[in-house]
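Enquirer: Could you have a look at this structure, given as structure tokens, before my questions?
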Amino acid sequence: MSNRTLPRLLQSPAVILLLIWMIVPLSMTLYFSFIRYVLNNLRRPEWTTPSFSNWRGFGNYEFVLNNKDFIFAIQNSLLIVGSILFFTVIFGVLIAVLINQSFPGRGIVRVLLISPFFVMPAVNAVLWINMILDPVLGLQGIAVNGLNDIIVGLKDAPLVGWFFSLWPTLEPISFRATQTSAYAVIIMVTWQWTPFAVLIFMTSLQSEDQQQKEAAVLDGAGPWSQFRFLTLPHLGRPIAIVVMIQAIFHLSLYAEIEIVSRGNGNKNLPYLIGEFANNNIGAASATGIFAVILANIVAIFLLRMIGKTLME
Amino acid sequence: MGRIVLENVTKSFGDVEVIPPLDLTIEDGEFAVFVGPSGCGKSTLLRLIAGLEELTSGSVSIDEEDVTLVPPSKRGLAMVFQSYALYPHMSVRKNIAFPLRMSKMEQSEIDQRVEAAAQSLNLIDYLDHKPGQLSGGQRQRVAIGRAIVREPAAFLFDEPLSNLDAALRVGMRLEIGELHNRLKTTMVYVTHDQVEAMTMADKIVVLQAGVIEQVGSPLELYRTPRNIFVAGFIGSPKMNFIEGDEAAKHGAKTIGVRPEHISVSDSQGEWSGVVGVSEHLGSDTFFHIHETGLAETMTVRADGEVGFKHGDRVFLTPRADAIHKFDDKGLRI
């Protein structure tokens, strides 16, 4: 036995288990995506059991591609993931730098900042859409009404009244049932995941070399230059990690979309799969394969980017 | 130009006073070394001059201008740190150019100065490397390069050689000495290593617990230490101290004799003892002598070829004009 055979033999159970773990669902999805398979059809009862005799070829893929929601769902997936990443990284860096200063009560502030991350996604969505973003009962509706009342009051004021009479009455934004529901999802997930970014950036900031900062101070660098030339490059690696982890999580968002608008005006790929899976398993599987391809494209970009940062 | 004057400087961290009132003048072009055991406040003193720490009271002035309240970047000083403090994601070129870039200098001028500094420090081939790819000595040179491009009024060095290995340390010591001869700029250098202090300094400032024990040229400190602390700190190996009757004979509480001022013989001498450990350095041999009845061990320097062995009985004779006498307060008589 060569000295490599034994280690390979010992590794093989784990490798084989992982392979089965991955291959079985993937091949079943592939299989279902090439046959007609529906859960309920009175006219063609034979389609309700998976079988090769129901072979449909690329028919399911054609059906999905021609579905009016498909391109929209891909765009929406990318819009939601991209926006959340953008906002969480920016807010994360700013908040982390802010609370890295020492001030009284810092420990409590940190705990409070982290807490949104412990709220369940569905609860988060219910809270935001009903209590904050609702155009009538939510904080938003109340705030807009309050502003309108103030403006109406100021219209009668002397001297400046003419200026306020030019103002239109503000309309509260409805975050359900239109494209704006995607913005609602972006807002609530950003709120929930910013603490995650803060947490990672904060630990990284604590390992920043203080002598470097002192050297920069003596070199004449002001606070902005120190941030731009020392802190930001120092945060490069944690930013890459936050982007990667969050991209994986947010490509599969579901609960928030379901609760905000039940997919009206705002679907992503997982939600579309869920809709198909109500009856048409074949189409759902084909969409699933598209989702795997999309996730892989995103992963290739991310790994390129992160590989570059980690190599430095 | 760079004449640094400290007047009545004190520094406290909370209730702890690390530097009691202190006055010190460093002349323009001088190489001043602050030396003392760890925790004696020498680094704090340097950081006070740099402006990285605020004074609790007193004043600092550079070239007759009071800079006590001037921010560090406006004091015209450059500092080299123990950890080098290079910017890890910037190339050597960008590291050296950083202070110039911060002062909004023209790009062509920056390039010219960086090239010149790199040339003089043998860094030309490494300009596009990142600090992580350089050896300790090269990193140290980059840190020095970053300091010299600014053409500062004075250089501050905070234990710059303590992260280097022994051979490199000797080399860098010479390079810094050469740099000082070439630039003729004031340099303030902090170290805990008295050899570095003796070899490099024009003026040594010996500190203990924030108090200046003595200020003087290396040889002044060696010949006429003001008290027991300085006598023991300067010189290697350490001076031998003898108390009791032998000291009383010279009219002192304590007398001190340096190892190199004692001669060893196998037949006759003033004191006698038994050889313990011998350290053969080739050029010199250091004997540690026990059972002298004067002090627990005495260190003696002899010629490299003197061949006493462990357990041999030997006789010691101090050079009469090289006995340092100290009174009961530890001060020189």
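By convention here, the chains of the structure tokens are called A, B, ... in the order presented, each chain's residues are numbered starting at 1, and ligands are numbered starting at 1 in the order presented.
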Can you check which residues of region 55-286 of chain B DSSP gives as strand (DSSP E) on the backbone and send them as a PDB file with C-alpha atoms, in the first residue's frame?

Expert:
```pdb
ATOM      1  CA  SER B  57       2.641  71.015  33.076  1.00  0.00           C
ATOM      2  CA  GLY B  58       5.736  72.804  31.849  1.00  0.00           C
ATOM      3  CA  SER B  59       6.749  73.712  28.319  1.00  0.00           C
ATOM      4  CA  VAL B  60       8.564  72.354  25.297  1.00  0.00           C
ATOM      5  CA  SER B  61      10.180  74.653  22.777  1.00  0.00           C
ATOM      6  CA  ILE B  62      11.926  73.941  19.509  1.00  0.00           C
ATOM      7  CA  GLU B  65       9.449  78.675  19.706  1.00  0.00           C
ATOM      8  CA  ASP B  66       7.032  77.353  22.307  1.00  0.00           C
ATOM      9  CA  LEU B  77       9.787  66.444  13.904  1.00  0.00           C
ATOM     10  CA  ALA B  78      10.047  62.963  12.412  1.00  0.00           C
ATOM     11  CA  MET B  79       9.873  59.801  14.443  1.00  0.00           C
ATOM     12  CA  VAL B  80      11.052  56.235  13.894  1.00  0.00           C
ATOM     13  CA  ALA B 154      14.960  66.790  14.576  1.00  0.00           C
ATOM     14  CA  PHE B 155      14.674  63.018  14.404  1.00  0.00           C
ATOM     15  CA  LEU B 156      13.185  61.036  17.238  1.00  0.00           C
ATOM     16  CA  PHE B 157      14.070  57.347  17.523  1.00  0.00           C
ATOM     17  CA  ASP B 158      12.087  55.125  19.885  1.00  0.00           C
ATOM     18  CA  THR B 186      19.442  66.920  15.911  1.00  0.00           C
ATOM     19  CA  MET B 187      18.638  63.352  16.860  1.00  0.00           C
ATOM     20  CA  VAL B 188      17.001  62.124  20.030  1.00  0.00           C
ATOM     21  CA  TYR B 189      17.358  58.427  20.558  1.00  0.00           C
ATOM     22  CA  VAL B 190      15.734  56.249  23.195  1.00  0.00           C
ATOM     23  CA  THR B 191      17.229  52.921  24.212  1.00  0.00           C
ATOM     24  CA  LYS B 203      25.200  63.394  24.990  1.00  0.00           C
ATOM     25  CA  ILE B 204      23.729  60.705  27.183  1.00  0.00           C
ATOM     26  CA  VAL B 205      20.781  61.375  29.455  1.00  0.00           C
ATOM     27  CA  VAL B 206      20.504  58.662  32.121  1.00  0.00           C
ATOM     28  CA  LEU B 207      17.003  58.367  33.507  1.00  0.00           C
ATOM     29  CA  GLN B 208      15.577  56.473  36.434  1.00  0.00           C
ATOM     30  CA  VAL B 211      14.324  61.604  37.056  1.00  0.00           C
ATOM     31  CA  ILE B 212      17.450  62.603  35.165  1.00  0.00           C
ATOM     32  CA  GLU B 213      20.350  61.026  37.059  1.00  0.00           C
ATOM     33  CA  GLN B 214      23.111  62.507  34.951  1.00  0.00           C
ATOM     34  CA  VAL B 215      23.693  64.215  31.616  1.00  0.00           C
ATOM     35  CA  GLY B 216      27.019  64.143  29.856  1.00  0.00           C
ATOM     36  CA  ASN B 240      31.839  45.987  41.193  1.00  0.00           C
ATOM     37  CA  PHE B 241      30.531  47.593  44.375  1.00  0.00           C
ATOM     38  CA  ILE B 242      32.127  46.958  47.765  1.00  0.00           C
ATOM     39  CA  GLU B 243      30.723  48.071  51.094  1.00  0.00           C
ATOM     40  CA  THR B 254      30.560  52.270  49.049  1.00  0.00           C
ATOM     41  CA  ILE B 255      33.421  51.993  46.636  1.00  0.00           C
ATOM     42  CA  GLY B 256      33.187  50.877  43.033  1.00  0.00           C
ATOM     43  CA  VAL B 257      35.803  49.439  40.706  1.00  0.00           C
ATOM     44  CA  ILE B 262      41.339  45.224  38.382  1.00  0.00           C
ATOM     45  CA  SER B 263      44.364  43.139  37.601  1.00  0.00           C
ATOM     46  CA  VAL B 264      44.497  39.394  38.284  1.00  0.00           C
ATOM     47  CA  SER B 265      47.538  37.460  39.452  1.00  0.00           C
ATOM     48  CA  TRP B 271      42.302  40.913  47.601  1.00  0.00           C
ATOM     49  CA  SER B 272      41.910  37.200  46.950  1.00  0.00           C
ATOM     50  CA  GLY B 273      39.127  34.881  45.789  1.00  0.00           C
ATOM     51  CA  VAL B 274      38.200  31.721  43.898  1.00  0.00           C
ATOM     52  CA  VAL B 275      37.428  31.654  40.170  1.00  0.00           C
ATOM     53  CA  GLY B 276      33.825  30.730  39.332  1.00  0.00           C
ATOM     54  CA  VAL B 277      32.595  31.062  35.761  1.00  0.00           C
ATOM     55  CA  SER B 278      35.002  32.349  33.135  1.00  0.00           C
ATOM     56  CA  GLU B 279      33.683  33.909  29.937  1.00  0.00           C
ATOM     57  CA  HIS B 280      36.187  33.698  27.105  1.00  0.00           C
ATOM     58  CA  ASP B 284      39.093  39.474  26.672  1.00  0.00           C
ATOM     59  CA  THR B 285      38.212  37.026  29.404  1.00  0.00           C
ATOM     60  CA  PHE B 286      35.774  37.846  32.170  1.00  0.00           C
TER      61      PHE B 286
END
```

Enquirer: Write out as a list in words the residues lying within 12 Å of Val243 (chain A), counting only C-alpha atoms and excluding same-chain residues fewer than 6 positions away.

Expert: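 Counting only the stated atoms, we get Val81, Gly82, Ser83, Ile84, Leu85, Phe86, Phe87, Thr88, Val89, Ile90, Gly92, Trp193, Thr194, Phe196, Ala197, Ile200, Phe201, Gly236, Arg237, Phe249, His250, Leu251, Val298, Ala299, Phe301, Leu302, Leu303, Met305 and Ile306 of chain A.
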
Enquirer: Please save N, CA and C atoms of the selected residues as an mmCIF file, in the first residue's frame.

Expert:
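Below is the file out.cif, written as the result:
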```cif
data_model
loop_
_atom_site.group_PDB
_atom_site.id
_atom_site.type_symbol
_atom_site.label_atom_id
_atom_site.label_comp_id
_atom_site.auth_asym_id
_atom_site.auth_seq_id
_atom_site.Cartn_x
_atom_site.Cartn_y
_atom_site.Cartn_z
ATOM 1 N N VAL A 81 -29.981 41.982 -3.299
ATOM 2 C CA VAL A 81 -28.681 41.593 -2.734
ATOM 3 C C VAL A 81 -27.691 42.754 -2.822
ATOM 4 N N GLY A 82 -27.612 43.358 -4.015
ATOM 5 C CA GLY A 82 -26.635 44.441 -4.223
ATOM 6 C C GLY A 82 -26.891 45.607 -3.289
ATOM 7 N N SER A 83 -28.162 46.017 -3.162
ATOM 8 C CA SER A 83 -28.448 47.183 -2.322
ATOM 9 C C SER A 83 -28.149 46.899 -0.865
ATOM 10 N N ILE A 84 -28.543 45.700 -0.414
ATOM 11 C CA ILE A 84 -28.300 45.374 0.998
ATOM 12 C C ILE A 84 -26.796 45.387 1.287
ATOM 13 N N LEU A 85 -26.032 44.786 0.380
ATOM 14 C CA LEU A 85 -24.577 44.769 0.576
ATOM 15 C C LEU A 85 -24.033 46.184 0.650
ATOM 16 N N PHE A 86 -24.464 47.023 -0.288
ATOM 17 C CA PHE A 86 -23.977 48.398 -0.366
ATOM 18 C C PHE A 86 -24.240 49.137 0.952
ATOM 19 N N PHE A 87 -25.494 49.080 1.407
ATOM 20 C CA PHE A 87 -25.841 49.850 2.606
ATOM 21 C C PHE A 87 -25.234 49.256 3.882
ATOM 22 N N THR A 88 -25.257 47.908 4.005
ATOM 23 C CA THR A 88 -24.719 47.348 5.254
ATOM 24 C C THR A 88 -23.228 47.630 5.381
ATOM 25 N N VAL A 89 -22.481 47.570 4.267
ATOM 26 C CA VAL A 89 -21.041 47.820 4.368
ATOM 27 C C VAL A 89 -20.786 49.276 4.742
ATOM 28 N N ILE A 90 -21.506 50.211 4.103
ATOM 29 C CA ILE A 90 -21.261 51.628 4.404
ATOM 30 C C ILE A 90 -21.659 51.951 5.848
ATOM 31 N N GLY A 92 -22.067 49.846 8.246
ATOM 32 C CA GLY A 92 -21.231 49.042 9.135
ATOM 33 C C GLY A 92 -19.910 49.721 9.418
ATOM 34 N N TRP A 193 -29.066 43.369 9.264
ATOM 35 C CA TRP A 193 -27.720 42.835 9.012
ATOM 36 C C TRP A 193 -26.599 43.842 9.217
ATOM 37 N N THR A 194 -26.919 45.122 9.351
ATOM 38 C CA THR A 194 -25.864 46.091 9.651
ATOM 39 C C THR A 194 -25.096 45.706 10.927
ATOM 40 N N PHE A 196 -24.334 42.847 12.027
ATOM 41 C CA PHE A 196 -23.370 41.800 11.677
ATOM 42 C C PHE A 196 -22.095 42.435 11.117
ATOM 43 N N ALA A 197 -22.276 43.372 10.187
ATOM 44 C CA ALA A 197 -21.118 44.060 9.606
ATOM 45 C C ALA A 197 -20.373 44.840 10.683
ATOM 46 N N ILE A 200 -18.191 42.543 12.855
ATOM 47 C CA ILE A 200 -16.965 42.076 12.198
ATOM 48 C C ILE A 200 -15.967 43.227 12.053
ATOM 49 N N PHE A 201 -16.447 44.400 11.643
ATOM 50 C CA PHE A 201 -15.529 45.525 11.429
ATOM 51 C C PHE A 201 -14.938 45.999 12.754
ATOM 52 N N GLY A 236 -10.166 46.080 4.420
ATOM 53 C CA GLY A 236 -10.417 45.417 3.135
ATOM 54 C C GLY A 236 -10.837 43.976 3.285
ATOM 55 N N ARG A 237 -10.117 43.248 4.089
ATOM 56 C CA ARG A 237 -10.383 41.819 4.226
ATOM 57 C C ARG A 237 -11.730 41.554 4.910
ATOM 58 N N PHE A 249 -26.389 34.599 1.986
ATOM 59 C CA PHE A 249 -27.648 34.605 2.737
ATOM 60 C C PHE A 249 -28.765 35.306 1.962
ATOM 61 N N HIS A 250 -28.452 36.452 1.347
ATOM 62 C CA HIS A 250 -29.532 37.274 0.811
ATOM 63 C C HIS A 250 -30.010 36.810 -0.557
ATOM 64 N N LEU A 251 -29.245 35.961 -1.233
ATOM 65 C CA LEU A 251 -29.754 35.392 -2.488
ATOM 66 C C LEU A 251 -30.959 34.504 -2.199
ATOM 67 N N VAL A 298 -22.453 34.556 -9.299
ATOM 68 C CA VAL A 298 -22.152 35.498 -8.207
ATOM 69 C C VAL A 298 -20.937 34.998 -7.419
ATOM 70 N N ALA A 299 -20.911 33.683 -7.140
ATOM 71 C CA ALA A 299 -19.815 33.121 -6.340
ATOM 72 C C ALA A 299 -18.474 33.299 -7.042
ATOM 73 N N PHE A 301 -17.569 35.679 -9.099
ATOM 74 C CA PHE A 301 -17.142 37.076 -8.932
ATOM 75 C C PHE A 301 -16.617 37.317 -7.526
ATOM 76 N N LEU A 302 -17.375 36.812 -6.535
ATOM 77 C CA LEU A 302 -16.992 37.048 -5.142
ATOM 78 C C LEU A 302 -15.650 36.408 -4.828
ATOM 79 N N LEU A 303 -15.474 35.154 -5.278
ATOM 80 C CA LEU A 303 -14.226 34.466 -4.952
ATOM 81 C C LEU A 303 -13.044 35.165 -5.603
ATOM 82 N N MET A 305 -12.810 38.352 -6.193
ATOM 83 C CA MET A 305 -12.571 39.570 -5.419
ATOM 84 C C MET A 305 -11.898 39.224 -4.085
ATOM 85 N N ILE A 306 -12.449 38.220 -3.395
ATOM 86 C CA ILE A 306 -11.942 37.894 -2.068
ATOM 87 C C ILE A 306 -10.571 37.237 -2.161
#
```

Enquirer: Write out as a ChimeraX atom specification all residues of region 1-198 of chain A that backbone DSSP assigns to alpha helix (DSSP H).

Expert: /A:5-33,59-66,70-99,106-114,121-126,139-155,161-165,180-198

Enquirer: Any idea what's packed within 12 Å of Asp134 (chain A), counting only C-alpha atoms, ignoring anything in its chain fewer than 2 positions away? Could you give it as a short mmCIF file (atom, residue, chain, number, x, y, z; two decimals) with N, CA and C atoms, in the first residue's frame?

Expert:
```cif
data_model
loop_
_atom_site.label_atom_id
_atom_site.label_comp_id
_atom_site.auth_asym_id
_atom_site.auth_seq_id
_atom_site.Cartn_x
_atom_site.Cartn_y
_atom_site.Cartn_z
N ALA A 125 -39.79 41.41 9.64
CA ALA A 125 -40.62 41.87 8.53
C ALA A 125 -41.96 42.38 9.03
N VAL A 126 -42.58 41.64 9.95
CA VAL A 126 -43.89 42.05 10.47
C VAL A 126 -43.78 43.40 11.17
N LEU A 127 -42.73 43.54 12.00
CA LEU A 127 -42.54 44.80 12.73
C LEU A 127 -42.41 45.97 11.77
N TRP A 128 -41.53 45.81 10.79
CA TRP A 128 -41.27 46.93 9.90
C TRP A 128 -42.49 47.28 9.07
N ILE A 129 -43.10 46.27 8.44
CA ILE A 129 -44.14 46.59 7.47
C ILE A 129 -45.40 47.08 8.16
N ASN A 130 -45.70 46.59 9.36
CA ASN A 130 -46.93 47.01 10.02
C ASN A 130 -46.74 48.21 10.93
N MET A 131 -45.62 48.24 11.65
CA MET A 131 -45.50 49.28 12.67
C MET A 131 -44.72 50.49 12.20
N ILE A 132 -43.87 50.32 11.22
CA ILE A 132 -43.05 51.47 10.82
C ILE A 132 -43.42 51.97 9.43
N VAL A 136 -50.74 54.12 6.86
CA VAL A 136 -51.80 54.69 7.69
C VAL A 136 -51.47 54.54 9.18
N LEU A 137 -51.21 53.29 9.58
CA LEU A 137 -51.05 53.01 11.01
C LEU A 137 -49.60 53.07 11.45
N GLY A 138 -48.66 52.96 10.52
CA GLY A 138 -47.26 52.89 10.89
C GLY A 138 -46.68 54.25 11.23
N LEU A 139 -45.45 54.22 11.71
CA LEU A 139 -44.73 55.44 12.03
C LEU A 139 -44.67 56.38 10.82
N GLN A 140 -44.51 55.76 9.64
CA GLN A 140 -44.40 56.56 8.42
C GLN A 140 -45.66 57.39 8.20
N GLY A 141 -46.83 56.71 8.29
CA GLY A 141 -48.09 57.41 8.07
C GLY A 141 -48.27 58.53 9.07
N ILE A 142 -47.96 58.24 10.33
CA ILE A 142 -48.13 59.24 11.38
C ILE A 142 -47.21 60.43 11.13
N ALA A 143 -45.95 60.12 10.73
CA ALA A 143 -44.98 61.19 10.51
C ALA A 143 -45.41 62.06 9.34
N VAL A 144 -45.88 61.43 8.24
CA VAL A 144 -46.28 62.21 7.06
C VAL A 144 -47.49 63.07 7.40
N PRO A 172 -48.10 59.61 1.92
CA PRO A 172 -47.30 58.51 2.45
C PRO A 172 -47.07 57.45 1.37
N ILE A 173 -45.93 56.78 1.43
CA ILE A 173 -45.59 55.77 0.43
C ILE A 173 -46.16 54.43 0.85
N SER A 174 -46.81 53.75 -0.08
CA SER A 174 -47.27 52.40 0.24
C SER A 174 -46.18 51.41 -0.12
N PHE A 175 -45.77 50.61 0.86
CA PHE A 175 -44.67 49.69 0.61
C PHE A 175 -45.15 48.30 0.25
N ARG A 176 -46.44 48.14 -0.04
CA ARG A 176 -46.91 46.82 -0.43
C ARG A 176 -47.33 46.84 -1.88
N SER A 181 -42.16 47.56 -2.65
CA SER A 181 -42.03 46.50 -1.64
C SER A 181 -40.61 45.94 -1.63
N ALA A 184 -38.82 48.14 0.69
CA ALA A 184 -39.13 47.79 2.08
C ALA A 184 -38.27 46.63 2.54
N VAL A 260 -44.08 40.94 3.31
CA VAL A 260 -44.31 42.31 2.86
C VAL A 260 -45.41 42.37 1.81
#
```

Enquirer: Residues of chain B within 12 Å of chain A, counting only C-alpha atoms, what are they? List them as a PyMOL selection string.

Expert: chain B and resi 47+49-53+70-91+94-104+129-133+143-144+146-152+155-158

Enquirer: Nearest residue to Lys267 (chain A) out of A:Leu94, A:Leu253, A:Ser51, A:Trp167, using only C-alpha atoms?

Expert: A:Leu253

Enquirer: With a distance cut-off of 7 Å and only C-alpha atoms, select the neighbouring residues of Arg3 (chain B), excluding the residue or stretch itself and same-chain residues fewer than 3 positions from it, and output the selection as a list in words.

Expert: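 Near Arg3 (chain B), the qualifying residues are Ile26, Glu27, Asp28, Ile62 and Asp63 of chain B.
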
Enquirer: Nearest residue to Asn67 (chain A) out of A:Leu272, A:Ser33, A:Asn296, A:Ile16, using only C-alpha atoms?

Expert: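 Ranking A:Leu272, A:Ser33, A:Asn296, A:Ile16 by distance to Asn67 (chain A), first place goes to A:Leu272.
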
Enquirer: What is the CA of Val306 (chain B) to CA of Glu291 (chain B) distance in Å?

Expert: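 Going from CA of Val306 (chain B) over to CA of Glu291 (chain B) covers 20.3 Å.
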
Enquirer: As a list in words, please: the residues near Leu219 (chain B) (cut-off 12 Å, only C-alpha atoms, same-chain neighbours under 5 positions excluded).

Expert: Ala197, Met198, Thr199, Met200, Ala201, Asp202, Lys203, Ile204, Thr224, Pro225, Ala231, Ile234 and Gly235 of chain B

Enquirer: May I have the residues from that selection written out with C-alpha atoms, as a compact mmCIF listing (two decimals), in the first residue's frame?

Expert:
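Okay, selection-v6.txt is ready:
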```txt
# COMPACT_ATOMS: atom_id res chain seq x y z
CA ALA B 197 24.06 54.80 24.14
CA MET B 198 27.85 54.74 24.61
CA THR B 199 28.62 54.10 20.93
CA MET B 200 26.27 56.60 19.32
CA ALA B 201 25.70 59.53 21.63
CA ASP B 202 27.18 62.99 21.81
CA LYS B 203 25.20 63.39 24.99
CA ILE B 204 23.73 60.70 27.18
CA THR B 224 32.88 60.36 36.69
CA PRO B 225 29.46 58.84 37.33
CA ALA B 231 28.05 53.99 37.82
CA ILE B 234 27.09 52.67 32.34
CA GLY B 235 29.86 50.24 31.46
```

Enquirer: Using CA of Gly105 (chain A) and CA of Pro223 (chain A) as the two end points, give the distance in Å to one decimal.

Expert: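 Straight-line distance from CA of Gly105 (chain A) to CA of Pro223 (chain A) works out to 23.6 Å.
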
Enquirer: Tell me which protein, DNA and RNA residues are within 7 Å of region 53-63 of chain A, counting only C-alpha atoms, leaving out same-chain ones fewer than 3 positions away, and put them as a PyMOL selection string.

Expert: chain A and resi 33-36+47+66-67+282-283+286

Enquirer: Residues as selected, C-alpha atoms, written as a PDB file, in the first residue's frame, can you do that?

Expert:
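part34.pdb was written with the following content:
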```pdb
ATOM      1  CA  SER A  33     -36.677  19.668 -14.449  1.00  0.00           C
ATOM      2  CA  PHE A  34     -36.732  17.476 -17.577  1.00  0.00           C
ATOM      3  CA  ILE A  35     -40.069  15.726 -16.984  1.00  0.00           C
ATOM      4  CA  ARG A  36     -43.682  16.817 -16.639  1.00  0.00           C
ATOM      5  CA  TRP A  47     -48.271  13.575 -14.670  1.00  0.00           C
ATOM      6  CA  ASN A  66     -41.269  32.614 -21.174  1.00  0.00           C
ATOM      7  CA  ASN A  67     -42.849  33.301 -17.790  1.00  0.00           C
ATOM      8  CA  GLY A 282     -41.075  20.498 -13.092  1.00  0.00           C
ATOM      9  CA  ALA A 283     -41.040  24.277 -13.598  1.00  0.00           C
ATOM     10  CA  ALA A 286     -36.011  24.222 -13.785  1.00  0.00           C
TER      11      ALA A 286
END
```

Enquirer: Give me, please, the distance in Å between CA of Thr287 (chain A) and CA of Asn41 (chain A), quoted to one decimal.

Expert: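 Taking CA of Thr287 (chain A) as the start and CA of Asn41 (chain A) as the end point, the length is 20.5 Å.
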
Enquirer: Counting only C-alpha atoms, which residue out of A:Ile245, A:Val97, A:Ile108, A:Val119 sits closest to Gln226 (chain A)?

Expert: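 Selected residue with least distance to Gln226 (chain A): A:Val97.
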
Enquirer: Quick one: residues within 10 Å of region 148-150 of chain A, only C-alpha atoms, excluding same-chain residues fewer than 6 positions away - as a CSV table (one decimal) with C-alpha atoms, in the first residue's frame?

Expert:
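Final file, out34.csv:
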```csv
chain,number,residue,atom,x,y,z
A,142,ILE,CA,-48.1,59.2,11.4
A,164,PHE,CA,-45.3,77.1,2.5
A,167,TRP,CA,-45.8,73.0,-0.9
A,168,PRO,CA,-47.9,70.1,-2.0
A,169,THR,CA,-49.6,67.8,0.5
A,170,LEU,CA,-47.2,64.9,1.2
A,171,GLU,CA,-48.4,61.4,0.3
```
